[in-house]
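Structure file upload.pdb (PDB, C-alpha atoms and all ligand atoms) follows.
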```pdb
ATOM      1  CA  MET T   1    -286.597 -86.379 184.290
ATOM      2  CA  SER T   2    -284.100 -88.869 182.920
ATOM      3  CA  GLU T   3    -282.890 -89.605 179.413
ATOM      4  CA  GLU T   4    -280.618 -92.522 178.569
ATOM      5  CA  GLY T   5    -277.426 -91.928 180.592
ATOM      6  CA  VAL T   6    -278.183 -88.281 181.460
ATOM      7  CA  LEU T   7    -280.369 -86.668 184.153
ATOM      8  CA  TYR T   8    -282.150 -83.305 183.800
ATOM      9  CA  GLU T   9    -283.458 -81.598 186.947
ATOM     10  CA  VAL T  10    -284.765 -78.023 187.187
ATOM     11  CA  LYS T  11    -285.020 -76.146 190.489
ATOM     12  CA  ASP T  12    -285.415 -72.397 191.046
ATOM     13  CA  GLY T  13    -284.248 -71.416 187.564
ATOM     14  CA  VAL T  14    -281.207 -73.723 187.631
ATOM     15  CA  VAL T  15    -281.074 -76.934 185.607
ATOM     16  CA  THR T  16    -278.604 -79.610 186.665
ATOM     17  CA  ILE T  17    -277.637 -81.893 183.812
ATOM     18  CA  THR T  18    -275.901 -84.996 185.185
ATOM     19  CA  ILE T  19    -273.928 -87.486 183.105
ATOM     20  CA  ASN T  20    -275.180 -90.693 184.655
ATOM     21  CA  ARG T  21    -272.926 -93.689 183.960
ATOM     22  CA  PRO T  22    -271.048 -93.764 187.270
ATOM     23  CA  LYS T  23    -269.910 -97.385 186.894
ATOM     24  CA  LYS T  24    -268.114 -96.349 183.683
ATOM     25  CA  TYR T  25    -266.762 -93.147 185.217
ATOM     26  CA  ASN T  26    -269.390 -91.268 183.183
ATOM     27  CA  ALA T  27    -267.568 -92.066 179.924
ATOM     28  CA  LEU T  28    -269.150 -90.197 177.020
ATOM     29  CA  ASN T  29    -270.511 -92.707 174.545
ATOM     30  CA  MET T  30    -272.229 -91.451 171.403
ATOM     31  CA  GLU T  31    -275.669 -91.828 172.961
ATOM     32  CA  VAL T  32    -274.675 -89.670 175.948
ATOM     33  CA  VAL T  33    -273.133 -87.010 173.671
ATOM     34  CA  ARG T  34    -276.324 -86.949 171.580
ATOM     35  CA  THR T  35    -278.526 -86.729 174.692
ATOM     36  CA  LEU T  36    -276.378 -83.997 176.240
ATOM     37  CA  ARG T  37    -276.739 -81.958 173.060
ATOM     38  CA  GLU T  38    -280.550 -82.399 173.138
ATOM     39  CA  LEU T  39    -280.801 -81.489 176.815
ATOM     40  CA  MET T  40    -278.589 -78.405 176.380
ATOM     41  CA  GLU T  41    -280.966 -77.276 173.642
ATOM     42  CA  ARG T  42    -283.941 -77.928 175.909
ATOM     43  CA  ALA T  43    -282.292 -75.834 178.645
ATOM     44  CA  GLU T  44    -281.577 -73.034 176.169
ATOM     45  CA  LYS T  45    -285.221 -72.933 175.062
ATOM     46  CA  ASP T  46    -286.777 -73.341 178.528
ATOM     47  CA  SER T  47    -287.758 -69.874 179.770
ATOM     48  CA  GLY T  48    -287.824 -71.271 183.331
ATOM     49  CA  VAL T  49    -284.081 -71.993 183.145
ATOM     50  CA  ARG T  50    -281.555 -69.191 183.722
ATOM     51  CA  VAL T  51    -278.397 -71.185 184.485
ATOM     52  CA  VAL T  52    -277.118 -74.649 183.554
ATOM     53  CA  VAL T  53    -274.950 -76.838 185.785
ATOM     54  CA  LEU T  54    -273.195 -79.773 184.109
ATOM     55  CA  THR T  55    -271.799 -82.520 186.324
ATOM     56  CA  GLY T  56    -271.218 -86.258 186.651
ATOM     57  CA  ALA T  57    -273.058 -88.755 188.843
ATOM     58  CA  GLY T  58    -271.269 -90.036 191.937
ATOM     59  CA  ASP T  59    -268.022 -88.812 193.458
ATOM     60  CA  LYS T  60    -265.444 -90.417 191.169
ATOM     61  CA  ALA T  61    -265.822 -88.698 187.813
ATOM     62  CA  PHE T  62    -267.208 -85.746 185.906
ATOM     63  CA  ALA T  63    -266.438 -87.775 182.761
ATOM     64  CA  ALA T  64    -263.361 -89.940 182.151
ATOM     65  CA  GLY T  65    -263.404 -89.169 178.431
ATOM     66  CA  ALA T  66    -265.015 -90.469 175.307
ATOM     67  CA  ASP T  67    -266.055 -94.108 175.651
ATOM     68  CA  ILE T  68    -262.950 -96.017 174.588
ATOM     69  CA  THR T  69    -264.971 -99.151 173.806
ATOM     70  CA  GLU T  70    -266.405 -97.226 170.834
ATOM     71  CA  PHE T  71    -262.894 -96.680 169.379
ATOM     72  CA  LYS T  72    -262.304-100.335 168.645
ATOM     73  CA  ASP T  73    -262.705-101.281 164.976
ATOM     74  CA  ARG T  74    -263.176 -97.651 163.850
ATOM     75  CA  ASP T  75    -260.962 -96.098 161.195
ATOM     76  CA  SER T  76    -260.411 -92.526 160.028
ATOM     77  CA  GLU T  77    -263.747 -92.505 158.243
ATOM     78  CA  THR T  78    -265.980 -94.235 160.790
ATOM     79  CA  VAL T  79    -264.593 -92.284 163.765
ATOM     80  CA  ARG T  80    -265.356 -88.885 162.221
ATOM     81  CA  PRO T  81    -268.995 -88.576 163.491
ATOM     82  CA  LEU T  82    -267.738 -89.244 167.010
ATOM     83  CA  ALA T  83    -265.393 -86.233 166.934
ATOM     84  CA  GLU T  84    -267.831 -84.065 165.011
ATOM     85  CA  ASN T  85    -270.695 -84.733 167.445
ATOM     86  CA  GLY T  86    -268.418 -84.040 170.427
ATOM     87  CA  GLN T  87    -267.193 -80.793 168.892
ATOM     88  CA  GLU T  88    -270.722 -79.763 168.010
ATOM     89  CA  LEU T  89    -271.838 -80.315 171.621
ATOM     90  CA  CYS T  90    -268.965 -78.126 172.846
ATOM     91  CA  ARG T  91    -269.712 -75.381 170.309
ATOM     92  CA  TYR T  92    -273.372 -75.434 171.307
ATOM     93  CA  ILE T  93    -272.564 -75.072 175.027
ATOM     94  CA  GLU T  94    -270.305 -72.109 174.250
ATOM     95  CA  SER T  95    -272.930 -70.435 172.090
ATOM     96  CA  MET T  96    -275.787 -70.777 174.604
ATOM     97  CA  SER T  97    -277.253 -67.533 175.906
ATOM     98  CA  LYS T  98    -277.290 -68.907 179.476
ATOM     99  CA  PRO T  99    -274.230 -69.470 181.654
ATOM    100  CA  VAL T 100    -273.081 -73.098 181.876
ATOM    101  CA  ILE T 101    -271.111 -74.116 184.980
ATOM    102  CA  ALA T 102    -269.055 -77.310 185.028
ATOM    103  CA  ALA T 103    -269.074 -78.966 188.475
ATOM    104  CA  ILE T 104    -266.005 -81.225 188.172
ATOM    105  CA  ASN T 105    -266.525 -83.910 190.805
ATOM    106  CA  GLY T 106    -263.599 -86.237 190.033
ATOM    107  CA  PHE T 107    -261.880 -87.292 186.800
ATOM    108  CA  ALA T 108    -262.339 -84.897 183.855
ATOM    109  CA  LEU T 109    -260.177 -86.548 181.227
ATOM    110  CA  GLY T 110    -260.099 -86.414 177.447
ATOM    111  CA  GLY T 111    -263.601 -85.573 176.191
ATOM    112  CA  GLY T 112    -264.643 -84.875 179.801
ATOM    113  CA  CYS T 113    -261.998 -82.166 180.117
ATOM    114  CA  GLU T 114    -262.916 -80.855 176.663
ATOM    115  CA  VAL T 115    -266.631 -80.538 177.476
ATOM    116  CA  ALA T 116    -265.716 -78.831 180.781
ATOM    117  CA  MET T 117    -263.520 -76.369 178.850
ATOM    118  CA  ALA T 118    -266.500 -75.422 176.675
ATOM    119  CA  CYS T 119    -268.454 -74.443 179.808
ATOM    120  CA  ASP T 120    -268.265 -70.843 181.008
ATOM    121  CA  ILE T 121    -267.009 -71.429 184.569
ATOM    122  CA  ARG T 122    -265.340 -74.521 186.046
ATOM    123  CA  TYR T 123    -265.460 -75.371 189.754
ATOM    124  CA  ALA T 124    -263.805 -78.577 190.990
ATOM    125  CA  SER T 125    -263.591 -80.772 194.070
ATOM    126  CA  ALA T 126    -260.162 -81.502 195.569
ATOM    127  CA  ASN T 127    -260.292 -85.093 194.262
ATOM    128  CA  ALA T 128    -260.665 -83.885 190.646
ATOM    129  CA  ARG T 129    -258.028 -84.952 188.138
ATOM    130  CA  LEU T 130    -257.885 -83.262 184.759
ATOM    131  CA  GLY T 131    -255.977 -84.059 181.617
ATOM    132  CA  GLN T 132    -255.887 -85.005 177.960
ATOM    133  CA  PRO T 133    -254.536 -88.602 178.078
ATOM    134  CA  GLU T 134    -255.390 -89.454 174.442
ATOM    135  CA  ILE T 135    -251.708 -89.644 173.466
ATOM    136  CA  ASN T 136    -251.442 -92.820 175.584
ATOM    137  CA  LEU T 137    -254.022 -94.442 173.294
ATOM    138  CA  GLY T 138    -252.072 -93.434 170.199
ATOM    139  CA  ILE T 139    -254.555 -90.682 169.321
ATOM    140  CA  ILE T 140    -255.085 -86.982 170.021
ATOM    141  CA  PRO T 141    -257.932 -84.919 171.538
ATOM    142  CA  GLY T 142    -260.886 -84.614 169.154
ATOM    143  CA  PHE T 143    -263.558 -82.585 170.983
ATOM    144  CA  GLY T 144    -261.579 -79.310 170.708
ATOM    145  CA  GLY T 145    -258.873 -79.976 173.326
ATOM    146  CA  THR T 146    -255.931 -78.817 171.220
ATOM    147  CA  VAL T 147    -257.842 -75.610 170.489
ATOM    148  CA  ARG T 148    -259.398 -74.618 173.839
ATOM    149  CA  LEU T 149    -256.673 -75.848 176.221
ATOM    150  CA  PRO T 150    -253.962 -73.447 174.906
ATOM    151  CA  ARG T 151    -256.441 -70.587 174.995
ATOM    152  CA  LEU T 152    -257.199 -71.281 178.652
ATOM    153  CA  VAL T 153    -253.751 -72.191 179.995
ATOM    154  CA  GLY T 154    -251.224 -71.039 177.374
ATOM    155  CA  LEU T 155    -249.517 -72.957 174.589
ATOM    156  CA  GLY T 156    -246.563 -74.337 176.571
ATOM    157  CA  LYS T 157    -248.688 -75.827 179.363
ATOM    158  CA  ALA T 158    -251.181 -77.190 176.815
ATOM    159  CA  LYS T 159    -248.361 -78.910 174.922
ATOM    160  CA  GLU T 160    -247.027 -80.373 178.152
ATOM    161  CA  LEU T 161    -250.463 -81.773 179.028
ATOM    162  CA  VAL T 162    -251.392 -83.073 175.555
ATOM    163  CA  LEU T 163    -247.965 -84.539 174.720
ATOM    164  CA  THR T 164    -247.403 -86.272 178.080
ATOM    165  CA  GLY T 165    -251.042 -87.247 178.627
ATOM    166  CA  ASP T 166    -250.445 -86.690 182.354
ATOM    167  CA  HIS T 167    -253.338 -85.999 184.720
ATOM    168  CA  ILE T 168    -253.078 -82.948 186.964
ATOM    169  CA  LYS T 169    -254.593 -82.435 190.403
ATOM    170  CA  ALA T 170    -257.310 -79.877 191.107
ATOM    171  CA  GLU T 171    -254.893 -77.476 192.833
ATOM    172  CA  GLU T 172    -252.586 -77.491 189.789
ATOM    173  CA  ALA T 173    -255.603 -76.961 187.505
ATOM    174  CA  LEU T 174    -256.519 -73.953 189.668
ATOM    175  CA  ARG T 175    -252.965 -72.598 189.489
ATOM    176  CA  ILE T 176    -252.848 -72.735 185.683
ATOM    177  CA  GLY T 177    -256.373 -71.357 185.192
ATOM    178  CA  LEU T 178    -258.033 -74.554 184.013
ATOM    179  CA  VAL T 179    -260.539 -74.308 186.886
ATOM    180  CA  GLU T 180    -261.715 -71.222 188.752
ATOM    181  CA  ARG T 181    -262.230 -72.658 192.257
ATOM    182  CA  VAL T 182    -261.491 -75.824 194.221
ATOM    183  CA  PHE T 183    -263.614 -77.175 197.102
ATOM    184  CA  ASP T 184    -262.520 -79.624 199.814
ATOM    185  CA  SER T 185    -265.112 -82.276 198.969
ATOM    186  CA  VAL T 186    -267.666 -83.205 196.301
ATOM    187  CA  GLU T 187    -270.395 -82.155 198.746
ATOM    188  CA  ALA T 188    -268.806 -78.718 199.234
ATOM    189  CA  LEU T 189    -268.405 -78.441 195.440
ATOM    190  CA  ARG T 190    -272.093 -79.112 194.859
ATOM    191  CA  LYS T 191    -273.027 -76.489 197.467
ATOM    192  CA  GLY T 192    -270.568 -73.921 196.046
ATOM    193  CA  VAL T 193    -271.779 -74.505 192.492
ATOM    194  CA  MET T 194    -275.422 -74.070 193.541
ATOM    195  CA  GLU T 195    -274.567 -70.802 195.298
ATOM    196  CA  LEU T 196    -272.886 -69.543 192.125
ATOM    197  CA  ALA T 197    -275.783 -70.754 189.951
ATOM    198  CA  GLU T 198    -278.367 -69.047 192.176
ATOM    199  CA  LYS T 199    -276.339 -65.838 192.115
ATOM    200  CA  LEU T 200    -276.086 -65.906 188.295
ATOM    201  CA  ALA T 201    -279.802 -66.768 187.955
ATOM    202  CA  LYS T 202    -280.660 -63.418 189.571
ATOM    203  CA  LYS T 203    -278.522 -61.376 187.149
ATOM    204  CA  PRO T 204    -280.214 -59.606 184.216
ATOM    205  CA  GLY T 205    -280.568 -62.253 181.492
ATOM    206  CA  VAL T 206    -280.035 -60.020 178.446
ATOM    207  CA  ALA T 207    -276.853 -58.514 179.895
ATOM    208  CA  VAL T 208    -275.600 -61.992 180.859
ATOM    209  CA  LYS T 209    -276.163 -63.262 177.310
ATOM    210  CA  LEU T 210    -274.457 -60.276 175.682
ATOM    211  CA  ALA T 211    -271.515 -60.284 178.121
ATOM    212  CA  LYS T 212    -270.961 -64.000 177.415
ATOM    213  CA  GLN T 213    -271.038 -63.384 173.647
ATOM    214  CA  SER T 214    -268.601 -60.499 173.842
ATOM    215  CA  LEU T 215    -266.238 -62.456 176.101
ATOM    216  CA  ASN T 216    -266.372 -65.463 173.748
ATOM    217  CA  ASN T 217    -265.545 -63.156 170.847
ATOM    218  CA  ALA T 218    -262.309 -62.241 172.614
ATOM    219  CA  TRP T 219    -261.138 -65.716 171.562
ATOM    220  CA  SER T 220    -262.210 -65.558 167.955
ATOM    221  CA  MET T 221    -262.473 -61.963 166.678
ATOM    222  CA  PRO T 222    -259.795 -59.457 165.804
ATOM    223  CA  LEU T 223    -259.460 -56.739 168.490
ATOM    224  CA  SER T 224    -261.063 -53.853 166.586
ATOM    225  CA  GLU T 225    -264.043 -55.975 165.501
ATOM    226  CA  ASN T 226    -264.592 -57.239 169.027
ATOM    227  CA  LEU T 227    -264.352 -53.743 170.516
ATOM    228  CA  SER T 228    -266.994 -52.422 168.155
ATOM    229  CA  PHE T 229    -269.162 -55.499 168.919
ATOM    230  CA  GLU T 230    -268.852 -54.582 172.593
ATOM    231  CA  VAL T 231    -270.001 -51.004 171.927
ATOM    232  CA  ASP T 232    -273.018 -52.330 169.996
ATOM    233  CA  VAL T 233    -274.143 -54.751 172.700
ATOM    234  CA  PHE T 234    -273.353 -52.260 175.493
ATOM    235  CA  CYS T 235    -275.763 -49.857 173.760
ATOM    236  CA  GLN T 236    -278.310 -52.664 173.355
ATOM    237  CA  THR T 237    -278.441 -53.171 177.137
ATOM    238  CA  PHE T 238    -279.630 -49.551 177.460
ATOM    239  CA  ASP T 239    -282.889 -50.500 175.720
ATOM    240  CA  THR T 240    -283.728 -53.160 178.325
ATOM    241  CA  GLU T 241    -286.134 -52.857 181.247
ATOM    242  CA  ASP T 242    -283.418 -54.426 183.380
ATOM    243  CA  LYS T 243    -281.097 -51.446 182.784
ATOM    244  CA  ASP T 244    -283.820 -49.078 184.034
ATOM    245  CA  GLU T 245    -284.403 -51.343 187.031
ATOM    246  CA  GLY T 246    -280.684 -51.754 187.829
ATOM    247  CA  VAL T 247    -279.937 -48.029 187.659
ATOM    248  CA  ASP T 248    -283.080 -47.073 189.589
ATOM    249  CA  ALA T 249    -282.324 -49.658 192.280
ATOM    250  CA  PHE T 250    -278.793 -48.294 192.684
ATOM    251  CA  LEU T 251    -279.937 -44.695 192.889
ATOM    252  CA  ASN T 252    -282.644 -45.569 195.414
ATOM    253  CA  LYS T 253    -280.370 -47.822 197.477
ATOM    254  CA  ARG T 254    -282.441 -50.992 197.044
ATOM    255  CA  GLU T 255    -281.888 -54.475 195.594
ATOM    256  CA  PRO T 256    -282.761 -54.747 191.857
ATOM    257  CA  GLN T 257    -285.462 -57.200 190.745
ATOM    258  CA  PHE T 258    -284.507 -58.107 187.184
ATOM    259  CA  LYS T 259    -287.081 -59.426 184.713
ATOM    260  CA  HIS T 260    -284.610 -60.568 182.042
ATOM    261  CA  ARG T 261    -285.932 -58.269 179.359
TER     262      ARG T 261
HETATM  263  N1  LIG O   1    -264.133 -95.258 178.283
HETATM  264  C1  LIG O   1    -264.744 -96.411 178.625
HETATM  265  N2  LIG O   1    -264.735 -96.928 179.868
HETATM  266  C2  LIG O   1    -264.079 -96.223 180.809
HETATM  267  C3  LIG O   1    -263.418 -95.025 180.540
HETATM  268  C4  LIG O   1    -263.474 -94.541 179.205
HETATM  269  N3  LIG O   1    -262.913 -93.372 178.850
HETATM  270  N4  LIG O   1    -262.840 -94.563 181.686
HETATM  271  C5  LIG O   1    -263.157 -95.461 182.638
HETATM  272  N5  LIG O   1    -263.888 -96.459 182.124
HETATM  273  C6  LIG O   1    -264.439 -97.638 182.817
HETATM  274  C7  LIG O   1    -263.393 -98.687 183.040
HETATM  275  O1  LIG O   1    -263.239 -99.499 181.887
HETATM  276  C8  LIG O   1    -263.975 -99.442 184.209
HETATM  277  O2  LIG O   1    -265.028-100.274 183.739
HETATM  278  P1  LIG O   1    -265.133-101.807 184.243
HETATM  279  O3  LIG O   1    -265.353-101.694 185.740
HETATM  280  O4  LIG O   1    -266.321-102.342 183.514
HETATM  281  O5  LIG O   1    -263.837-102.452 183.899
HETATM  282  C9  LIG O   1    -264.609 -98.331 185.033
HETATM  283  O6  LIG O   1    -264.825 -97.254 184.129
HETATM  284  C10 LIG O   1    -263.735 -97.828 186.151
HETATM  285  O7  LIG O   1    -262.452 -97.533 185.606
HETATM  286  P2  LIG O   1    -261.086 -98.156 186.189
HETATM  287  O8  LIG O   1    -260.038 -97.978 185.130
HETATM  288  O9  LIG O   1    -261.304 -99.524 186.701
HETATM  289  O10 LIG O   1    -260.840 -97.170 187.425
HETATM  290  P3  LIG O   1    -259.472 -96.639 188.021
HETATM  291  O11 LIG O   1    -259.840 -95.871 189.236
HETATM  292  O12 LIG O   1    -258.466 -97.714 188.126
HETATM  293  O13 LIG O   1    -258.914 -95.595 186.903
HETATM  294  C11 LIG O   1    -259.113 -93.814 185.291
HETATM  295  C12 LIG O   1    -259.678 -94.450 186.580
HETATM  296  C13 LIG O   1    -260.063 -92.667 184.926
HETATM  297  C14 LIG O   1    -257.710 -93.249 185.568
HETATM  298  C15 LIG O   1    -259.039 -94.856 184.159
HETATM  299  O14 LIG O   1    -260.307 -95.479 184.061
HETATM  300  C16 LIG O   1    -258.690 -94.292 182.813
HETATM  301  O15 LIG O   1    -257.525 -94.037 182.555
HETATM  302  N6  LIG O   1    -259.683 -94.102 181.928
HETATM  303  C17 LIG O   1    -259.478 -93.686 180.566
HETATM  304  C18 LIG O   1    -259.149 -92.215 180.510
HETATM  305  C19 LIG O   1    -258.880 -91.795 179.086
HETATM  306  O16 LIG O   1    -257.935 -92.234 178.441
HETATM  307  N7  LIG O   1    -259.727 -90.904 178.570
HETATM  308  C20 LIG O   1    -259.592 -90.369 177.251
HETATM  309  C21 LIG O   1    -260.375 -91.156 176.284
HETATM  310  S1  LIG O   1    -260.225 -90.449 174.661
END
```
Whole structure given in structure tokens:
Amino acid sequence: MSEEGVLYEVKDGVVTITINRPKKYNALNMEVVRTLRELMERAEKDSGVRVVVLTGAGDKAFAAGADITEFKDRDSETVRPLAENGQELCRYIESMSKPVIAAINGFALGGGCEVAMACDIRYASANARLGQPEINLGIIPGFGGTVRLPRLVGLGKAKELVLTGDHIKAEEALRIGLVERVFDSVEALRKGVMELAEKLAKKPGVAVKLAKQSLNNAWSMPLSENLSFEVDVFCQTFDTEDKDEGVDAFLNKREPQFKHR
């Protein structure tokens, strides 16, 4: 199905959510941000969906940032909802129980890079260019870029990227840990992302959710609190049918068939 500016397609437990404004390099206007938030919530609630893939239409851009045409004539007060909605979308993606994979098929700049950073795993095509170019507009990142970028790539590299506004190539993004894999072409990226999504869709859903939560906590919780959280959720997995299935399958040398409960 299609909402304004965003496509939503489910196949074999994987939903592909596609930002669909290719002529505008999939720039994130407020309508697209609102729709993305709604569709992420739909994916979270849909029991037929195990994994979410987020990408951009075409082969030029994942998203070339917030829609700059919406910046004109806004001041500190009227621009606030734009940043708040973008941040809320990113927070929601991070908090989802299902893995979200960013398939970065070209430019991921500004808000595009920030939304990709909120996803759990980022794969890119060789033509991808990433960066936070806001400084060249006289502004700064507002969808969480100054917060997530240093956590992913370190403070020095994040300062270099945010203060220069320079774009980096996919290979450089791979080297600094901003993406996890690079593929030769957009076609190869889409195939590689689907293989990953199908692999993750077969993993035990409760364990996936709890592992994601515990890993996210590594960013936000003090060490001792996070370690005791891990013990709690580790124990929780022992009450699932999937733990019985996984252990039995191992001991009987067969493939597990998880039921996500
Ligand atoms: N907001 C609104 N429109 C955007 C956009 C954005 N962030 N990024 C690209 N577009 C539009 C362009 O205005 C152009 O539209 P038009 O054909 O109606 O003029 C179209 O997308 C293609 O972009 P164009 O600049 O012609 O392509 P290019 O290949 O020469 O350059 C970019 C591509 C991505 C390098 C360049 O578009 C760019 O720098 N975009 C802005 C990136 C940015 O600053 N993002 C952060 C915003 S906070």
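Nearest-residue note for T:Gly144: choosing from T:Arg91, T:Arg261, T:Lys45, T:Arg50, the minimum distance belongs to T:Arg91, counting all atoms listed in the file.
Taking only C-alpha atoms and all ligand atoms into account, ligand LIG 1 (chain O) lies nearest to T:Asp67 out of the set T:Glu195, T:Asp67, T:Glu171, T:Glu187.
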Excluding T:Arg34 and residues on its chain fewer than 5 positions from it, collect all residues at most 12 Å away from it, counting only C-alpha atoms, and give them as a ChimeraX atom specification. /T:3-6,19,28-29,39-41,81-90,92
Neighbourhood of ligand LIG 1 (chain O) at 7 Å, counting only C-alpha atoms and all ligand atoms, reported as a list in words: Lys23, Lys24, Tyr25, Ala27, Ala64, Gly65, Ala66, Asp67, Ile68, Thr69, Phe107, Leu109, Gly110, Gly111, Gln132, Pro133, Glu134, Leu137 and Pro141 of chain T
What is the atom CA of T:Ser224 to atom CA of T:Leu210 distance in Å? 17.4 Å
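What separates atom CA of T:Leu54 from atom CA of T:Gln257 is a distance of 26.5 Å.
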Which of these, T:Ser214, T:Thr78, T:Ser220, T:Thr55, has the shortest distance to T:Thr16 once you count all atoms listed in the file? T:Thr55
Find the residues around T:Asn26 up to 7 Å (all atoms listed in the file counted), leave out those fewer than 4 positions away in its own chain, and share them as a PyMOL selection string. chain T and resi 19-22+56+61-64
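Across the structure, atom CA of T:Tyr123 and atom CA of T:Glu180 are spaced 5.7 Å apart.
The shortest atom-to-atom distance to T:Ile176, with only C-alpha atoms taken into account, belongs to T:Gly156 out of T:Gly138, T:Pro256, T:Gly192, T:Gly156.
Proximity to T:Asp46 was assessed for T:Lys243, T:Lys98, T:Arg74, T:Lys169 counting all atoms listed in the file; the smallest distance is recorded for T:Lys98.
Restricting the calculation to all atoms listed in the file, the smallest distance between T:Ser125 and any of T:Val53, T:Val79, T:Leu155, T:Ala188 is found for T:Ala188.
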Could you give me the axis-aligned bounding box of stretch 148-158 of chain T, with 5 Å of padding per side, as centre plus edge lengths in Å to one decimal, as lines of an AutoDock Vina configuration file?
```
center_x = -253.0
center_y = -73.9
center_z = 176.9
size_x = 22.8
size_y = 16.6
size_z = 16.2
```
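Taken over the shown file, the PyMOL selection byres (((chain T and resi 194) around 10) and not hetatm) identifies Val14, Thr16, Val51, Val53, Ile101, Ala103, Ala188, Leu189, Arg190, Lys191, Gly192, Val193, Glu195, Leu196, Ala197, Glu198, Lys199 and Leu200 of chain T.
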Keeping only C-alpha atoms, write those residues as a PDB file, in the frame of the given file.
```pdb
ATOM      1  CA  VAL T  14    -281.207 -73.723 187.631  1.00  0.00           C
ATOM      2  CA  THR T  16    -278.604 -79.610 186.665  1.00  0.00           C
ATOM      3  CA  VAL T  51    -278.397 -71.185 184.485  1.00  0.00           C
ATOM      4  CA  VAL T  53    -274.950 -76.838 185.785  1.00  0.00           C
ATOM      5  CA  ILE T 101    -271.111 -74.116 184.980  1.00  0.00           C
ATOM      6  CA  ALA T 103    -269.074 -78.966 188.475  1.00  0.00           C
ATOM      7  CA  ALA T 188    -268.806 -78.718 199.234  1.00  0.00           C
ATOM      8  CA  LEU T 189    -268.405 -78.441 195.440  1.00  0.00           C
ATOM      9  CA  ARG T 190    -272.093 -79.112 194.859  1.00  0.00           C
ATOM     10  CA  LYS T 191    -273.027 -76.489 197.467  1.00  0.00           C
ATOM     11  CA  GLY T 192    -270.568 -73.921 196.046  1.00  0.00           C
ATOM     12  CA  VAL T 193    -271.779 -74.505 192.492  1.00  0.00           C
ATOM     13  CA  GLU T 195    -274.567 -70.802 195.298  1.00  0.00           C
ATOM     14  CA  LEU T 196    -272.886 -69.543 192.125  1.00  0.00           C
ATOM     15  CA  ALA T 197    -275.783 -70.754 189.951  1.00  0.00           C
ATOM     16  CA  GLU T 198    -278.367 -69.047 192.176  1.00  0.00           C
ATOM     17  CA  LYS T 199    -276.339 -65.838 192.115  1.00  0.00           C
ATOM     18  CA  LEU T 200    -276.086 -65.906 188.295  1.00  0.00           C
TER      19      LEU T 200
END
```
Name the residues captured by the PyMOL selection byres (((chain T and resi 237) around 12) and not hetatm) when it is applied to the shown file; answer as an mmCIF file with C-alpha atoms, in the frame of the given file.
```cif
data_model
loop_
_atom_site.group_PDB
_atom_site.id
_atom_site.type_symbol
_atom_site.label_atom_id
_atom_site.label_comp_id
_atom_site.auth_asym_id
_atom_site.auth_seq_id
_atom_site.Cartn_x
_atom_site.Cartn_y
_atom_site.Cartn_z
ATOM 1 C CA PRO T 204 -280.214 -59.606 184.216
ATOM 2 C CA GLY T 205 -280.568 -62.253 181.492
ATOM 3 C CA VAL T 206 -280.035 -60.020 178.446
ATOM 4 C CA ALA T 207 -276.853 -58.514 179.895
ATOM 5 C CA VAL T 208 -275.600 -61.992 180.859
ATOM 6 C CA LYS T 209 -276.163 -63.262 177.310
ATOM 7 C CA LEU T 210 -274.457 -60.276 175.682
ATOM 8 C CA ALA T 211 -271.515 -60.284 178.121
ATOM 9 C CA GLU T 230 -268.852 -54.582 172.593
ATOM 10 C CA VAL T 231 -270.001 -51.004 171.927
ATOM 11 C CA ASP T 232 -273.018 -52.330 169.996
ATOM 12 C CA VAL T 233 -274.143 -54.751 172.700
ATOM 13 C CA PHE T 234 -273.353 -52.260 175.493
ATOM 14 C CA CYS T 235 -275.763 -49.857 173.760
ATOM 15 C CA GLN T 236 -278.310 -52.664 173.355
ATOM 16 C CA PHE T 238 -279.630 -49.551 177.460
ATOM 17 C CA ASP T 239 -282.889 -50.500 175.720
ATOM 18 C CA THR T 240 -283.728 -53.160 178.325
ATOM 19 C CA GLU T 241 -286.134 -52.857 181.247
ATOM 20 C CA ASP T 242 -283.418 -54.426 183.380
ATOM 21 C CA LYS T 243 -281.097 -51.446 182.784
ATOM 22 C CA ASP T 244 -283.820 -49.078 184.034
ATOM 23 C CA GLU T 245 -284.403 -51.343 187.031
ATOM 24 C CA GLY T 246 -280.684 -51.754 187.829
ATOM 25 C CA VAL T 247 -279.937 -48.029 187.659
ATOM 26 C CA HIS T 260 -284.610 -60.568 182.042
ATOM 27 C CA ARG T 261 -285.932 -58.269 179.359
#
```
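Here the PyMOL selection byres (((chain T and resi 174) around 12) and not hetatm) captures the residues Ile121, Arg122, Tyr123, Ala124, Ser125, Ala126, Ala128, Arg129, Leu130, Leu152, Val153, Ile168, Lys169, Ala170, Glu171, Glu172, Ala173, Arg175, Ile176, Gly177, Leu178, Val179, Glu180, Arg181, Val182 and Phe183 of chain T.
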